[in-house]
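As stored in start_34.txt (compact mmCIF, C-alpha atoms):
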# COMPACT_ATOMS: atom_id res chain seq x y z
CA MET A 1 -14.28 2.46 -9.65
CA SER A 2 -16.02 4.16 -12.57
CA LYS A 3 -15.53 7.86 -13.18
CA ALA A 4 -19.11 8.62 -12.10
CA ALA A 5 -18.73 6.60 -8.89
CA HIS A 6 -15.43 8.35 -8.16
CA TYR A 7 -17.04 11.81 -8.44
CA TRP A 8 -20.00 10.68 -6.32
CA HIS A 9 -17.68 9.28 -3.63
CA ASN A 10 -15.52 12.44 -3.54
CA GLY A 11 -18.54 14.74 -3.70
CA TRP A 12 -19.96 13.26 -0.51
CA ALA A 13 -16.51 13.50 1.11
CA VAL A 14 -16.42 17.26 0.38
CA LEU A 15 -19.93 17.72 1.78
CA ARG A 16 -18.99 15.76 4.91
CA ALA A 17 -15.97 18.08 5.34
CA TYR A 18 -18.25 21.12 5.30
CA TRP A 19 -20.50 19.49 7.90
CA TYR A 20 -18.00 17.98 10.34
CA LEU A 21 -15.56 20.90 10.07
CA ARG A 22 -18.21 23.62 10.18
CA ARG A 23 -16.68 25.07 13.36
CA ALA A 24 -13.18 25.28 11.88
CA SER A 25 -11.62 28.73 11.94
CA GLN A 26 -10.43 28.27 8.35
CA LEU A 27 -11.30 25.52 5.87
CA GLY A 28 -9.32 25.24 2.64
CA ARG A 29 -10.61 24.18 -0.76
CA GLY A 30 -11.01 20.51 -1.59
CA VAL A 31 -10.91 19.25 2.01
CA ARG A 32 -12.44 15.77 2.15
CA VAL A 33 -13.73 13.66 5.05
CA TRP A 34 -14.62 9.98 4.89
CA GLY A 35 -16.57 8.64 7.86
CA ARG A 36 -17.61 10.54 10.99
CA PRO A 37 -14.80 12.27 12.87
CA VAL A 38 -15.15 13.77 16.34
CA VAL A 39 -14.23 17.45 16.15
CA SER A 40 -14.10 19.79 19.15
CA ASN A 41 -12.85 23.30 18.44
CA ARG A 42 -12.71 25.82 21.28
CA GLY A 43 -9.57 27.50 19.92
CA THR A 44 -8.24 27.89 16.39
CA LEU A 45 -8.62 25.03 13.88
CA ILE A 46 -7.07 25.70 10.46
CA LEU A 47 -7.18 23.23 7.57
CA GLY A 48 -5.38 23.93 4.30
CA ASN A 49 -6.34 22.97 0.77
CA ARG A 50 -6.77 19.30 -0.19
CA VAL A 51 -6.56 17.92 3.37
CA ARG A 52 -7.92 14.35 3.52
CA LEU A 53 -9.31 12.94 6.77
CA VAL A 54 -10.36 9.30 7.15
CA SER A 55 -12.62 8.26 10.02
CA THR A 56 -14.09 4.99 8.79
CA VAL A 57 -12.78 1.92 10.66
CA ALA A 58 -12.12 3.90 13.88
CA ARG A 59 -13.03 7.48 14.72
CA LEU A 60 -10.60 10.30 14.04
CA GLU A 61 -10.48 12.84 16.91
CA LEU A 62 -9.47 16.49 16.50
CA ALA A 63 -9.60 18.52 19.73
CA VAL A 64 -8.53 22.13 20.22
CA SER A 65 -8.69 23.65 23.71
CA GLU A 66 -9.39 27.29 24.46
CA GLY A 67 -6.33 29.28 23.41
CA GLY A 68 -4.92 26.35 21.43
CA THR A 69 -4.21 26.06 17.71
CA LEU A 70 -4.37 22.99 15.47
CA ARG A 71 -3.02 23.84 12.02
CA ILE A 72 -3.09 21.22 9.27
CA ASP A 73 -1.44 22.49 6.09
CA GLU A 74 -2.31 21.61 2.49
CA GLY A 75 -2.11 18.11 1.09
CA VAL A 76 -2.06 16.36 4.48
CA TYR A 77 -3.53 12.85 4.80
CA ILE A 78 -4.66 11.67 8.26
CA ASN A 79 -5.84 8.08 8.53
CA TYR A 80 -8.47 6.60 10.85
CA GLY A 81 -8.20 6.23 14.62
CA CYS A 82 -5.87 9.21 15.16
CA SER A 83 -6.15 11.61 18.11
CA LEU A 84 -4.76 15.14 17.85
CA GLY A 85 -5.16 17.27 20.97
CA ALA A 86 -3.93 20.88 20.86
CA ASN A 87 -3.76 22.89 24.09
CA GLN A 88 -1.13 25.27 22.73
CA LEU A 89 -0.03 24.32 19.19
CA ILE A 90 0.09 21.34 16.89
CA HIS A 91 1.26 22.25 13.38
CA VAL A 92 1.20 19.56 10.68
CA GLY A 93 3.20 20.83 7.72
CA PRO A 94 2.28 20.43 4.05
CA ASN A 95 2.06 16.99 2.43
CA CYS A 96 2.46 14.99 5.65
CA THR A 97 1.05 11.46 5.89
CA ILE A 98 -0.21 10.25 9.24
CA GLY A 99 -0.90 6.53 9.66
CA THR A 100 -3.62 4.81 11.64
CA HIS A 101 -4.07 5.31 15.39
CA VAL A 102 -1.40 8.02 15.75
CA ILE A 103 -1.58 10.14 18.92
CA MET A 104 -0.27 13.71 19.09
CA MET A 105 -0.88 15.73 22.26
CA ASP A 106 0.98 18.87 23.25
CA ASN A 107 0.25 18.41 26.97
CA ASP A 108 0.69 15.51 29.42
CA PHE A 109 -2.45 16.59 31.36
CA HIS A 110 -0.95 15.73 34.76
CA ARG A 111 2.31 16.06 36.66
CA LEU A 112 4.44 13.10 37.73
CA GLU A 113 4.72 13.95 41.42
CA PRO A 114 1.97 12.13 43.38
CA GLU A 115 1.01 15.22 45.39
CA ARG A 116 0.69 17.34 42.19
CA ARG A 117 -1.06 14.90 39.81
CA GLN A 118 -4.21 17.01 39.70
CA GLU A 119 -2.22 19.94 38.27
CA LYS A 120 -1.96 20.41 34.53
CA PRO A 121 1.62 21.10 33.35
CA ASP A 122 2.58 23.64 30.69
CA SER A 123 2.01 22.70 27.06
CA ALA A 124 4.79 22.64 24.46
CA PRO A 125 4.22 22.80 20.67
CA ILE A 126 4.39 19.83 18.33
CA VAL A 127 5.62 20.64 14.82
CA LEU A 128 5.74 18.27 11.85
CA GLU A 129 7.67 19.96 9.06
CA GLU A 130 6.91 19.36 5.37
CA ASN A 131 6.45 15.82 4.01
CA VAL A 132 6.77 13.89 7.29
CA TRP A 133 5.41 10.34 7.39
CA LEU A 134 4.23 8.86 10.71
CA GLY A 135 3.64 5.10 10.69
CA ALA A 136 0.78 3.32 12.45
CA ARG A 137 0.38 3.81 16.22
CA VAL A 138 3.11 6.43 16.58
CA ILE A 139 2.90 8.64 19.67
CA VAL A 140 4.32 12.17 19.44
CA LEU A 141 4.82 13.85 22.83
CA ARG A 142 4.83 17.55 23.67
CA GLY A 143 7.66 19.82 22.61
CA VAL A 144 8.74 17.71 19.61
CA THR A 145 9.70 18.93 16.13
CA ILE A 146 10.04 16.32 13.38
CA GLY A 147 12.20 17.58 10.51
CA GLN A 148 11.24 17.85 6.85
CA GLY A 149 11.06 14.58 4.92
CA SER A 150 11.53 12.31 7.96
CA VAL A 151 9.82 8.97 8.54
CA ILE A 152 8.82 7.62 11.95
CA GLY A 153 8.46 3.83 12.16
CA ALA A 154 5.26 2.18 13.33
CA GLY A 155 4.75 1.94 17.09
CA SER A 156 7.42 4.52 17.94
CA VAL A 157 7.22 7.03 20.78
CA VAL A 158 8.78 10.36 19.78
CA ASN A 159 9.89 12.29 22.86
CA ARG A 160 12.65 14.46 21.34
CA ASP A 161 13.30 16.33 18.10
CA ILE A 162 14.05 14.34 14.94
CA PRO A 163 16.30 16.01 12.33
CA PRO A 164 15.25 16.42 8.67
CA ARG A 165 15.46 13.50 6.21
CA CYS A 166 15.85 10.72 8.78
CA VAL A 167 14.21 7.41 9.57
CA ALA A 168 13.55 7.08 13.30
CA ALA A 169 11.99 4.19 15.20
CA GLY A 170 11.72 2.65 18.63
CA VAL A 171 10.62 3.44 22.15
CA PRO A 172 11.90 6.10 22.53
CA ALA A 173 12.39 6.87 18.84
CA ARG A 174 16.00 7.13 17.71
CA VAL A 175 17.45 7.96 14.29
CA ILE A 176 18.35 4.68 12.58
CA ARG A 177 19.40 6.10 9.20
CA ARG A 178 19.61 9.22 7.08
CA LEU A 179 17.69 9.63 3.84
Could you render the structure from this file as structure tokens?
Amino acid sequence: MSKAAHYWHNGWAVLRAYWYLRRASQLGRGVRVWGRPVVSNRGTLILGNRVRLVSTVARLELAVSEGGTLRIDEGVYINYGCSLGANQLIHVGPNCTIGTHVIMMDNDFHRLEPERRQEKPDSAPIVLEENVWLGARVIVLRGVTIGQGSVIGAGSVVNRDIPPRCVAAGVPARVIRRL
């Protein structure tokens, strides 16, 4: 790509960020959006500097319920097809990389008991600490903290905390080695 084409491509990505994230509570400098994400903010949506959002092959979905907070810190890259749904809190720490079709929701939206399935359970925060990498099609369930520098293998379901500097994979995700 020529230098002129590179600036043109990134210039449109910055303009798209201003348009699609116009209802964000806080929008950092240099945020870029490729494609057309679906953004619903009825709570607090905070995006740090140099966040990159891709919504080209499949739509990226960012949803914040009333009273909820979705905080995406600086330098984060979120690939296409992801769904992030914050009822209470989802915090993506600085320099995290999120692969394609990742799902993060801080609420299960229904109870397990048949007679109570129409009731919404309590939410629990999801926290990705600094420099976490989530592979393709990872699912992160409510109440999970993934430690700094950890990697979650593709297709994993994370239902409990992962310590810092670990590789975890599987259904449910388990630590398979330390970094």
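Counting from atom CA of A:Arg111, the distance to atom CA of A:Ser123 is 11.7 Å.
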Using all atoms listed in the file, tabulate the residues of stretch 52-142 of chain A lying at most 7 Å from any atom of stretch 36-42 of chain A, each with its closest atom pair and that distance in Å to one decimal, by chain and increasing residue number, as JSON lines.
{"residue": "A:Ser55", "atom": "CA", "partner": "A:Pro37", "partner_atom": "CA", "distance": 5.4}
{"residue": "A:Thr56", "atom": "CA", "partner": "A:Arg36", "partner_atom": "CA", "distance": 6.9}
{"residue": "A:Arg59", "atom": "CA", "partner": "A:Pro37", "partner_atom": "CA", "distance": 5.4}
{"residue": "A:Leu60", "atom": "CA", "partner": "A:Pro37", "partner_atom": "CA", "distance": 4.8}
{"residue": "A:Glu61", "atom": "CA", "partner": "A:Val38", "partner_atom": "CA", "distance": 4.8}
{"residue": "A:Leu62", "atom": "CA", "partner": "A:Val39", "partner_atom": "CA", "distance": 4.9}
{"residue": "A:Ala63", "atom": "CA", "partner": "A:Ser40", "partner_atom": "CA", "distance": 4.7}
{"residue": "A:Val64", "atom": "CA", "partner": "A:Asn41", "partner_atom": "CA", "distance": 4.8}
{"residue": "A:Ser65", "atom": "CA", "partner": "A:Arg42", "partner_atom": "CA", "distance": 5.2}
{"residue": "A:Glu66", "atom": "CA", "partner": "A:Arg42", "partner_atom": "CA", "distance": 4.8}
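You can rank A:Gly170, A:Gly35, A:Gly43, A:Gly68 by their closest distance to A:Gly135 using only C-alpha atoms, and at the top of that list sits A:Gly170.
When all atoms listed in the file are used to compute distances to A:Ile126, the closest of the residues A:Gly155, A:Gly85, A:Gly149, A:Pro164 turns out to be A:Gly85.
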Taking a cut-off of 12 Å and counting only C-alpha atoms, can you build a table that, for each residue of stretch 13-90 of chain A near stretch 97-103 of chain A, reports the nearest atom pair and how far apart they are in Å (one decimal), sorted by chain then residue number, as a tab-separated table?
residue	atom	partner	partner_atom	distance
A:Val51	CA	A:Thr97	CA	10.3
A:Arg52	CA	A:Thr97	CA	9.7
A:Leu53	CA	A:Ile98	CA	9.8
A:Val54	CA	A:Thr100	CA	9.3
A:Ser55	CA	A:Thr100	CA	9.8
A:Thr56	CA	A:Thr100	CA	10.9
A:Val57	CA	A:Thr100	CA	9.7
A:Ala58	CA	A:His101	CA	8.3
A:Arg59	CA	A:His101	CA	9.2
A:Leu60	CA	A:His101	CA	8.3
A:Glu61	CA	A:Ile103	CA	9.5
A:Leu62	CA	A:Ile103	CA	10.4
A:Ala63	CA	A:Ile103	CA	11.6
A:Ile72	CA	A:Thr97	CA	11.1
A:Asp73	CA	A:Thr97	CA	11.3
A:Glu74	CA	A:Thr97	CA	11.2
A:Gly75	CA	A:Thr97	CA	8.8
A:Val76	CA	A:Thr97	CA	6.0
A:Tyr77	CA	A:Thr97	CA	4.9
A:Ile78	CA	A:Ile98	CA	4.8
A:Asn79	CA	A:Thr100	CA	5.0
A:Tyr80	CA	A:Thr100	CA	5.2
A:Gly81	CA	A:His101	CA	4.3
A:Cys82	CA	A:His101	CA	4.3
A:Ser83	CA	A:Ile103	CA	4.9
A:Leu84	CA	A:Ile103	CA	6.0
A:Gly85	CA	A:Ile103	CA	8.2
A:Ala86	CA	A:Ile103	CA	11.2
A:Ile90	CA	A:Ile103	CA	11.5
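With only C-alpha atoms taken into account, the protein and nucleic acid residues at most 8 Å from A:Ala154 (excluding it and anything under 4 positions from it in its own chain) are Leu134, Gly135, Ala136, Arg137, Val138 and Ala169 of chain A.
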**OP:** Using all atoms listed in the file, determine which residues lie at most 10 Å from A:Val14, disregarding the query and same-chain residues fewer than 4 positions distant; provide the list as a list of chain:residue names.
**Re:** A:His9, A:Asn10, A:Tyr18, A:Trp19, A:Arg29, A:Gly30, A:Val31, A:Arg32, A:Val33, A:Trp34, A:Arg50, A:Arg52
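As for atom CA of A:Ile162 and atom CA of A:Ile139, they are spaced 13.4 Å apart.
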